$ cat upload_1.txt   # compact mmCIF, C-alpha atoms
# COMPACT_ATOMS: atom_id res chain seq x y z
CA MET T 1 -20.23 1.13 13.52
CA SER T 2 -16.63 0.61 12.41
CA GLU T 3 -13.74 2.49 14.01
CA VAL T 4 -10.76 3.25 11.77
CA THR T 5 -7.42 4.79 12.77
CA VAL T 6 -5.30 6.62 10.19
CA LEU T 7 -1.64 6.91 11.20
CA GLY T 8 0.43 9.52 9.35
CA LEU T 9 -1.26 12.61 7.92
CA GLY T 10 1.18 13.76 5.26
CA ARG T 11 0.63 14.15 1.52
CA VAL T 12 -0.94 10.68 1.22
CA GLY T 13 -2.37 9.98 4.67
CA TYR T 14 -4.54 13.09 4.88
CA ARG T 15 -5.98 12.45 1.42
CA THR T 16 -6.67 8.83 2.39
CA LEU T 17 -8.54 10.01 5.49
CA LYS T 18 -10.72 12.35 3.41
CA LEU T 19 -11.53 9.60 0.92
CA LEU T 20 -12.39 7.15 3.71
CA HIS T 21 -14.93 9.65 5.01
CA GLU T 22 -16.69 9.34 1.66
CA LEU T 23 -16.42 5.56 1.43
CA LEU T 24 -17.35 4.78 5.06
CA SER T 25 -20.14 7.21 5.85
CA GLN T 26 -21.06 5.47 9.10
CA ALA T 27 -17.55 4.95 10.50
CA SER T 28 -15.76 6.90 13.20
CA PHE T 29 -12.11 7.84 12.81
CA ASN T 30 -8.97 8.44 14.81
CA ALA T 31 -6.21 10.48 13.17
CA VAL T 32 -2.67 10.13 14.54
CA ASP T 33 0.35 12.26 13.68
CA ALA T 34 3.48 13.62 15.33
CA ASN T 35 2.51 17.14 14.23
CA PRO T 36 -0.25 18.58 16.45
CA GLY T 37 -0.66 21.44 13.99
CA VAL T 38 -2.85 19.24 11.76
CA LYS T 39 -5.48 18.76 14.49
CA PRO T 40 -7.88 21.52 13.31
CA LEU T 41 -7.61 20.31 9.71
CA VAL T 42 -8.57 16.70 10.45
CA GLU T 43 -11.21 17.41 13.10
CA ALA T 44 -12.94 19.76 10.65
CA LEU T 45 -13.77 16.66 8.61
CA GLY T 46 -16.14 15.48 11.34
CA ARG T 47 -16.36 12.02 12.95
CA THR T 48 -12.62 12.28 13.63
CA VAL T 49 -10.62 12.55 16.86
CA PHE T 50 -7.01 13.70 16.61
CA HIS T 51 -4.28 12.08 18.71
CA ALA T 52 -0.67 13.24 19.00
CA TYR T 53 1.55 10.27 18.20
CA SER T 54 3.04 8.17 20.97
CA GLN T 55 3.58 4.44 21.30
CA ASP T 56 1.15 4.23 24.21
CA VAL T 57 -1.58 6.10 22.31
CA LEU T 58 -1.11 3.89 19.27
CA LYS T 59 -1.28 0.72 21.36
CA GLN T 60 -4.55 1.86 22.95
CA LEU T 61 -6.06 2.72 19.58
CA ALA T 62 -4.96 -0.61 18.11
CA LYS T 63 -6.92 -2.45 20.82
CA LYS T 64 -10.19 -0.71 19.92
CA SER T 65 -9.87 -0.11 16.17
CA ASP T 66 -11.26 -2.37 13.47
CA LEU T 67 -8.55 -1.22 11.08
CA ILE T 68 -5.33 0.81 11.16
CA VAL T 69 -4.42 2.62 7.94
CA THR T 70 -0.76 3.63 7.82
CA ALA T 71 1.18 6.17 5.72
CA LEU T 72 4.59 6.58 7.36
CA PRO T 73 8.15 7.38 6.26
CA SER T 74 9.66 4.21 4.77
CA SER T 75 12.80 4.47 6.92
CA THR T 76 10.89 4.32 10.24
CA ALA T 77 7.69 2.44 9.43
CA PHE T 78 8.59 -1.22 9.92
CA PRO T 79 9.02 -1.33 13.74
CA ILE T 80 5.68 0.49 14.09
CA LEU T 81 3.96 -1.93 11.71
CA LYS T 82 5.44 -4.86 13.63
CA SER T 83 4.11 -3.55 16.95
CA LEU T 84 0.66 -3.00 15.40
CA ALA T 85 0.62 -6.47 13.87
CA GLU T 86 1.37 -7.92 17.30
CA GLU T 87 -1.89 -6.31 18.52
CA CYS T 88 -3.75 -8.48 15.98
CA VAL T 89 -5.39 -5.52 14.26
CA ASP T 90 -6.01 -5.37 10.51
CA ILE T 91 -3.53 -3.04 8.71
CA VAL T 92 -3.46 -1.43 5.27
CA ASP T 93 -0.09 0.19 4.65
CA VAL T 94 1.39 2.54 2.08
CA SER T 95 4.74 3.23 3.73
CA PHE T 96 6.79 1.14 1.23
CA THR T 97 9.11 -0.17 3.92
CA ARG T 98 12.63 -1.24 3.06
CA GLU T 99 11.98 -4.51 4.90
CA ASP T 100 10.17 -7.45 3.29
CA PRO T 101 6.51 -7.27 4.41
CA TYR T 102 6.45 -11.07 4.59
CA LEU T 103 8.60 -10.83 7.71
CA LEU T 104 5.29 -10.09 9.45
CA GLU T 105 3.58 -13.19 8.06
CA PRO T 106 4.06 -15.43 11.15
CA VAL T 107 2.39 -12.95 13.52
CA VAL T 108 -0.36 -12.05 11.02
CA GLU T 109 -1.20 -15.71 10.43
CA LYS T 110 -1.17 -16.43 14.17
CA CYS T 111 -3.62 -13.55 14.72
CA GLY T 112 -5.82 -14.36 11.75
CA SER T 113 -5.63 -10.69 10.78
CA VAL T 114 -5.19 -8.90 7.46
CA PHE T 115 -2.05 -7.02 6.42
CA ILE T 116 -2.02 -5.31 3.01
CA PRO T 117 1.42 -3.82 2.25
CA ASP T 118 2.28 -1.45 -0.60
CA ALA T 119 -1.35 -0.39 -1.08
CA GLY T 120 -0.60 2.63 -3.28
CA PHE T 121 -0.11 3.67 -6.89
CA ALA T 122 3.08 1.77 -7.73
CA PRO T 123 3.72 -0.48 -5.98
CA GLY T 124 0.02 -0.97 -5.43
CA TYR T 125 -2.38 -0.65 -8.34
CA SER T 126 0.50 -1.83 -10.53
CA ASN T 127 0.58 -5.07 -8.48
CA LEU T 128 -3.18 -5.46 -8.80
CA VAL T 129 -2.91 -5.21 -12.58
CA ALA T 130 -0.04 -7.73 -12.63
CA GLY T 131 -2.05 -10.21 -10.56
CA TYR T 132 -5.10 -9.70 -12.76
CA VAL T 133 -3.05 -10.20 -15.94
CA GLU T 134 -1.63 -13.47 -14.62
CA ARG T 135 -5.14 -14.58 -13.73
CA GLU T 136 -6.34 -13.74 -17.27
CA LEU T 137 -3.39 -15.03 -19.32
CA GLY T 138 -1.94 -17.74 -17.08
CA GLU T 139 1.83 -17.96 -16.76
CA LEU T 140 3.47 -14.90 -18.28
CA GLU T 141 6.23 -14.82 -20.87
CA SER T 142 6.88 -11.16 -20.13
CA ILE T 143 5.45 -8.21 -18.26
CA ASP T 144 6.72 -4.65 -18.22
CA ILE T 145 5.27 -2.37 -15.54
CA MET T 146 5.97 1.22 -16.56
CA VAL T 147 5.17 3.92 -14.05
CA GLY T 148 5.87 7.60 -13.60
CA GLY T 149 4.85 10.72 -11.77
CA ILE T 150 6.05 13.59 -13.95
CA PRO T 151 5.29 17.27 -14.63
CA SER T 152 2.67 17.76 -17.34
CA TYR T 153 5.42 19.10 -19.59
CA PRO T 154 9.24 18.76 -19.43
CA VAL T 155 10.51 21.44 -17.04
CA PRO T 156 14.16 22.48 -17.66
CA PRO T 157 16.91 21.63 -16.93
CA LEU T 158 16.14 17.92 -16.30
CA GLY T 159 12.55 17.69 -17.52
CA TYR T 160 11.50 16.95 -13.95
CA VAL T 161 10.52 18.64 -10.70
CA VAL T 162 11.23 17.31 -7.21
CA THR T 163 8.05 16.61 -5.26
CA TRP T 164 9.49 14.17 -2.70
CA ASN T 165 12.68 13.49 -0.75
CA PRO T 166 15.54 14.23 -3.21
CA LEU T 167 17.86 11.65 -1.62
CA ASP T 168 15.23 8.95 -2.13
CA LEU T 169 14.80 10.19 -5.70
CA ILE T 170 18.54 9.96 -6.44
CA GLU T 171 18.61 6.45 -4.95
CA GLU T 172 16.39 5.25 -7.82
CA TYR T 173 19.19 6.01 -10.28
CA LYS T 174 21.83 4.22 -8.18
CA ARG T 175 20.31 1.14 -6.59
CA PRO T 176 20.62 -2.09 -8.61
CA ALA T 177 17.20 -3.02 -9.94
CA ARG T 178 15.94 -6.54 -9.32
CA ILE T 179 14.15 -7.94 -12.36
CA ILE T 180 13.27 -11.39 -13.66
CA ARG T 181 15.18 -12.39 -16.80
CA ASN T 182 14.74 -15.84 -18.32
CA GLY T 183 13.10 -17.07 -15.13
CA GLU T 184 15.88 -15.89 -12.80
CA VAL T 185 15.96 -12.89 -10.45
CA VAL T 186 18.93 -10.72 -11.43
CA ALA T 187 20.10 -7.26 -10.35
CA VAL T 188 20.97 -4.79 -13.12
CA ASP T 189 22.31 -1.25 -13.36
CA PRO T 190 19.16 0.93 -13.49
CA LEU T 191 20.65 3.20 -16.17
CA SER T 192 22.12 0.44 -18.32
CA GLU T 193 19.34 0.71 -20.88
CA THR T 194 16.63 3.17 -21.89
CA VAL T 195 13.11 2.16 -22.87
CA THR T 196 10.88 4.33 -25.10
CA VAL T 197 7.08 4.13 -25.00
CA ASP T 198 4.20 6.13 -26.48
CA VAL T 199 1.48 6.67 -23.88
CA GLU T 200 -1.93 7.62 -25.21
CA GLY T 201 -2.99 11.04 -23.95
CA VAL T 202 0.52 11.89 -22.74
CA GLY T 203 3.01 11.40 -25.56
CA ARG T 204 6.41 9.78 -26.01
CA LEU T 205 8.28 8.98 -22.80
CA GLU T 206 11.49 7.21 -21.90
CA GLY T 207 12.21 5.04 -18.93
CA PHE T 208 14.86 3.25 -16.90
CA VAL T 209 14.68 -0.01 -14.99
CA SER T 210 13.94 0.52 -11.27
CA ASP T 211 13.83 -1.64 -8.15
CA GLY T 212 10.08 -1.60 -7.55
CA LEU T 213 8.86 -5.16 -8.15
CA ARG T 214 9.06 -6.01 -4.44
CA THR T 215 6.44 -8.70 -3.60
CA LEU T 216 5.85 -9.41 -7.31
CA LEU T 217 9.22 -11.17 -7.37
CA ARG T 218 7.72 -13.71 -4.97
CA ASN T 219 4.12 -13.92 -6.12
CA THR T 220 3.97 -13.50 -9.91
CA LYS T 221 5.09 -16.20 -12.34
CA ALA T 222 6.80 -14.64 -15.35
CA ARG T 223 9.84 -15.56 -17.43
CA ASN T 224 10.66 -11.87 -17.80
CA MET T 225 9.45 -9.01 -15.61
CA ARG T 226 10.63 -5.43 -15.13
CA GLU T 227 9.50 -2.24 -13.48
CA ILE T 228 10.38 0.80 -15.56
CA THR T 229 10.24 4.37 -14.22
CA LEU T 230 8.98 6.83 -16.83
CA ARG T 231 10.35 10.32 -17.51
CA TRP T 232 10.27 12.86 -20.33
CA PRO T 233 12.78 12.13 -23.15
CA GLY T 234 16.36 13.21 -22.46
CA HIS T 235 16.09 12.92 -18.67
CA VAL T 236 17.77 9.52 -18.30
CA GLY T 237 20.88 10.57 -20.23
CA LEU T 238 21.28 13.67 -18.07
CA MET T 239 20.96 11.65 -14.85
CA LYS T 240 23.50 9.11 -16.11
CA PHE T 241 25.86 12.02 -16.85
CA LEU T 242 25.49 13.32 -13.27
CA ARG T 243 26.02 9.83 -11.85
CA ASP T 244 29.06 9.13 -14.02
CA LEU T 245 30.62 12.43 -12.88
CA GLY T 246 30.44 11.11 -9.32
CA LEU T 247 27.79 13.56 -8.13
CA MET T 248 25.67 10.73 -6.73
CA SER T 249 28.57 9.28 -4.74
CA GLU T 250 28.40 8.91 -0.97
CA GLU T 251 32.20 9.05 -0.66
CA TYR T 252 33.37 12.22 1.10
CA VAL T 253 35.41 14.83 -0.76
CA GLU T 254 37.21 17.74 0.87
CA ILE T 255 36.38 21.28 -0.21
CA ASP T 256 38.09 24.15 1.62
CA ASN T 257 38.67 21.95 4.67
CA ASN T 258 35.06 20.80 4.68
CA ARG T 259 34.16 17.14 4.07
CA VAL T 260 31.14 16.84 1.79
CA GLN T 261 29.23 13.91 0.31
CA PRO T 262 28.55 14.76 -3.37
CA VAL T 263 25.13 13.06 -3.24
CA ARG T 264 23.98 15.34 -0.41
CA LEU T 265 25.17 18.40 -2.30
CA LEU T 266 23.30 17.22 -5.41
CA ALA T 267 20.16 16.60 -3.33
CA LYS T 268 20.33 20.14 -1.96
CA ILE T 269 20.73 21.54 -5.48
CA PHE T 270 17.77 19.48 -6.69
CA GLU T 271 15.68 20.68 -3.76
CA ALA T 272 16.50 24.32 -4.52
CA ARG T 273 16.50 24.31 -8.33
CA LEU T 274 14.06 21.60 -9.45
CA LYS T 275 10.95 23.28 -8.10
CA ALA T 276 8.08 24.66 -10.12
CA ASP T 277 4.37 25.22 -9.63
CA VAL T 278 3.19 23.02 -12.49
CA ASN T 279 0.47 20.46 -12.93
CA ASP T 280 1.57 16.84 -12.97
CA VAL T 281 0.46 13.49 -14.33
CA ALA T 282 0.60 9.97 -12.87
CA ILE T 283 1.00 7.22 -15.46
CA LEU T 284 0.83 3.44 -15.27
CA HIS T 285 1.39 1.48 -18.49
CA VAL T 286 1.51 -2.33 -18.33
CA GLU T 287 2.35 -4.57 -21.29
CA ALA T 288 2.13 -8.34 -20.82
CA THR T 289 2.32 -11.47 -22.96
CA GLY T 290 1.33 -14.95 -21.82
CA THR T 291 3.33 -18.09 -22.58
CA SER T 292 0.33 -19.26 -24.61
CA GLY T 293 0.44 -16.10 -26.73
CA GLY T 294 -2.26 -13.94 -25.14
CA ARG T 295 -1.60 -10.21 -24.79
CA TYR T 296 -2.79 -7.52 -22.36
CA VAL T 297 -2.04 -3.78 -22.30
CA GLU T 298 -3.44 -1.39 -19.69
CA THR T 299 -2.81 2.33 -19.40
CA ALA T 300 -4.02 4.37 -16.41
CA VAL T 301 -3.51 8.14 -16.41
CA LEU T 302 -4.47 10.72 -13.78
CA GLN T 303 -3.97 14.42 -14.42
CA GLY T 304 -3.09 16.39 -11.29
CA THR T 305 -2.98 20.04 -10.30
CA VAL T 306 -0.67 22.11 -8.13
CA GLU T 307 -3.26 21.92 -5.35
CA ASN T 308 -3.94 18.20 -5.76
CA PRO T 309 -0.91 16.46 -7.31
CA ALA T 310 -1.63 13.27 -9.23
CA THR T 311 0.81 10.84 -7.63
CA PRO T 312 -0.17 11.27 -3.94
CA TYR T 313 -3.83 11.42 -4.94
CA PHE T 314 -3.65 8.22 -7.03
CA THR T 315 -1.79 6.59 -4.12
CA ALA T 316 -4.47 7.71 -1.65
CA LEU T 317 -7.28 6.44 -3.91
CA VAL T 318 -5.85 2.91 -3.90
CA HIS T 319 -4.98 3.13 -0.20
CA ALA T 320 -8.52 4.19 0.71
CA TYR T 321 -10.29 1.62 -1.45
CA ALA T 322 -8.14 -1.26 -0.17
CA SER T 323 -9.01 -0.10 3.36
CA TYR T 324 -12.70 0.00 2.46
CA LEU T 325 -12.57 -3.62 1.28
CA VAL T 326 -10.99 -4.71 4.57
CA VAL T 327 -13.62 -2.92 6.65
CA LYS T 328 -16.33 -4.60 4.57
CA GLY T 329 -14.80 -8.01 5.30
CA LEU T 330 -13.92 -8.71 1.66
CA VAL T 331 -10.21 -9.50 2.12
CA LYS T 332 -8.92 -12.88 3.27
CA PRO T 333 -6.69 -13.03 6.37
CA GLY T 334 -2.93 -13.03 5.89
CA VAL T 335 -0.31 -10.89 4.17
CA GLN T 336 -2.18 -9.78 1.06
CA PRO T 337 -0.29 -7.55 -1.39
CA LEU T 338 -2.60 -6.37 -4.14
CA GLU T 339 -1.43 -8.94 -6.70
CA ASN T 340 -3.18 -11.49 -4.45
CA MET T 341 -6.45 -9.51 -4.64
CA SER T 342 -7.05 -9.63 -8.39
CA GLU T 343 -10.67 -10.70 -7.86
CA HIS T 344 -11.30 -7.08 -6.83
CA LYS T 345 -9.70 -5.56 -9.96
CA HIS T 346 -13.00 -4.42 -11.49
CA LYS T 347 -14.13 -2.78 -8.24
CA PHE T 348 -10.86 -0.87 -7.97
CA GLN T 349 -11.11 0.14 -11.61
CA GLU T 350 -14.67 1.43 -11.23
CA TYR T 351 -13.66 3.45 -8.18
CA LEU T 352 -10.59 4.94 -9.86
CA GLU T 353 -12.56 5.85 -12.97
CA SER T 354 -15.15 7.58 -10.78
CA LYS T 355 -12.28 9.77 -9.53
CA ASN T 356 -11.14 10.80 -13.05
CA VAL T 357 -8.45 8.16 -13.61
CA LYS T 358 -8.54 7.38 -17.34
CA ILE T 359 -8.06 3.63 -17.88
CA ASN T 360 -7.66 2.05 -21.31
CA ILE T 361 -7.33 -1.72 -21.82
CA LYS T 362 -6.35 -3.57 -25.00
CA ARG T 363 -6.22 -7.31 -25.47
$ encode --input "upload_1.txt" --output "structure tokens"
Amino acid sequence: MSEVTVLGLGRVGYRTLKLLHELLSQASFNAVDANPGVKPLVEALGRTVFHAYSQDVLKQLAKKSDLIVTALPSSTAFPILKSLAEECVDIVDVSFTREDPYLLEPVVEKCGSVFIPDAGFAPGYSNLVAGYVERELGELESIDIMVGGIPSYPVPPLGYVVTWNPLDLIEEYKRPARIIRNGEVVAVDPLSETVTVDVEGVGRLEGFVSDGLRTLLRNTKARNMREITLRWPGHVGLMKFLRDLGLMSEEYVEIDNNRVQPVRLLAKIFEARLKADVNDVAILHVEATGTSGGRYVETAVLQGTVENPATPYFTALVHAYASYLVVKGLVKPGVQPLENMSEHKHKFQEYLESKNVKINIKR
């Protein structure tokens, strides 16, 4: 019987644990979190032992687990992942670390273990689609990966609600976005251009270029490649207005003898004012053209609810299924982002569709 440890029981990790109970009906589980208050919730699932987080506890669990499934804050995850990798345990991660996951390649290869980084919605399923498209079409002339988690209708004043860390959200509109243009990796202003797309079942959306290609920059051959974050129309112009006013600046200003960073003030305002109990929708829309002229378009849409928001649920679905494949011995050793696992595309798709993700493919 397999033993699986899930580390991090937040919005994604807890959902991943529940899904793994369905997928691995004979497995036993350890659940690890810094918050002991979640113990009754996870142990009610059955076959699960809760552990309060400590480095010693995690090291002990790594020695006896067949797989560690991680969902940690991106700012703190990498040292923990490094220590786990050094225990030669298989890892499936959804923490989206700032560090390059390939920094762990030497230790993973030495161990002969599996490390799947970015095993979520986007990056994650988006990478799987990109890898599959390259496999189908060969070298790519262009690929646009358009992704968004948005309210089911535009909520004033920005057409958006904050469902995650507002500082991380604001960073998307500031950080130069790495894309591939004419075969070269270049960094561009994320708000320098606006893209418009009609998504079946959702409507017309707009998008801005974002810095989410990550391992695709290394692993996917394309003359032109972008990730585009989708929002309701009008949103991008409003965010550019706020940025151009200096409200996303980290430079201190003095107000009544108090030094304040405008970006932190804006984040607090977003946190207080951009809240609403509305359903949401997670959207992935990929358009690709091969150098030989072939074309591929895939749209994946998941409708969420207030109780079960679409983006963390879609993320957990991919996270859980990637973990299932590792437990079943179907993933080759090494650092394996999902673009390297395109042979499993149809299995992922069948699983997602069984969980109400609507997927439409046009060639």
$ atom_distance --input "upload_1.txt" --atom1 "atom CA of Leu205 of chain T" --atom2 "atom CA of Gly148 of chain T"
9.6 Å
$ residues_around --input "upload_1.txt" --residues "Val4 of chain T" --least-positions-apart "5" --cutoff "7 Å" --atoms "all atoms listed in the file" --output "PyMOL selection string"
chain T and resi 28-30+65-68
$ residues_near_point --input "upload_1.txt" --point "(1.5, -0.9, -27.8)" --cutoff "10 Å" --atoms "only C-alpha atoms" --output "PyMOL selection string"
chain T and resi 197-200+285-287+296-299+362
$ residues_near_point --input "upload_1.txt" --point "(-8.6, 6.1, -2.1)" --cutoff "12 Å" --atoms "only C-alpha atoms" --output "PyMOL selection string"
chain T and resi 12-24+69+92+94+119-121+124-125+311-325+348-355+357
$ residues_around --input "upload_1.txt" --residues "Leu266 of chain T" --least-positions-apart "5" --cutoff "9 Å" --atoms "all atoms listed in the file" --output "NGL selection string"
:T and (166-167 or 170 or 247-248 or 261 or 271)
$ residues_around --input "upload_1.txt" --residues "Ala130 of chain T" --least-positions-apart "4" --cutoff "10 Å" --atoms "all atoms listed in the file" --output "PyMOL selection string"
chain T and resi 124-126+134-136+140+143-145+216+219-221+286-288+338-340+342
$ residues_around --input "upload_1.txt" --residues "Glu86 of chain T" --least-positions-apart "6" --cutoff "12 Å" --atoms "all atoms listed in the file" --output "PyMOL selection string"
chain T and resi 59+62-63+79-80+104-115
$ closest_residue --input "upload_1.txt" --among "T:Val32, T:Val161, T:Cys88, T:Val188" --to "Arg273 of chain T" --atoms "all atoms listed in the file"
T:Val161
$ closest_residue --input "upload_1.txt" --among "T:Asp118, T:Glu141, T:Glu251, T:Arg223" --to "Arg295 of chain T" --atoms "all atoms listed in the file"
T:Glu141
$ closest_residue --input "upload_1.txt" --among "T:Ser292, T:Thr97, T:Ser75, T:Ser54" --to "Gly138 of chain T" --atoms "all atoms listed in the file"
T:Ser292
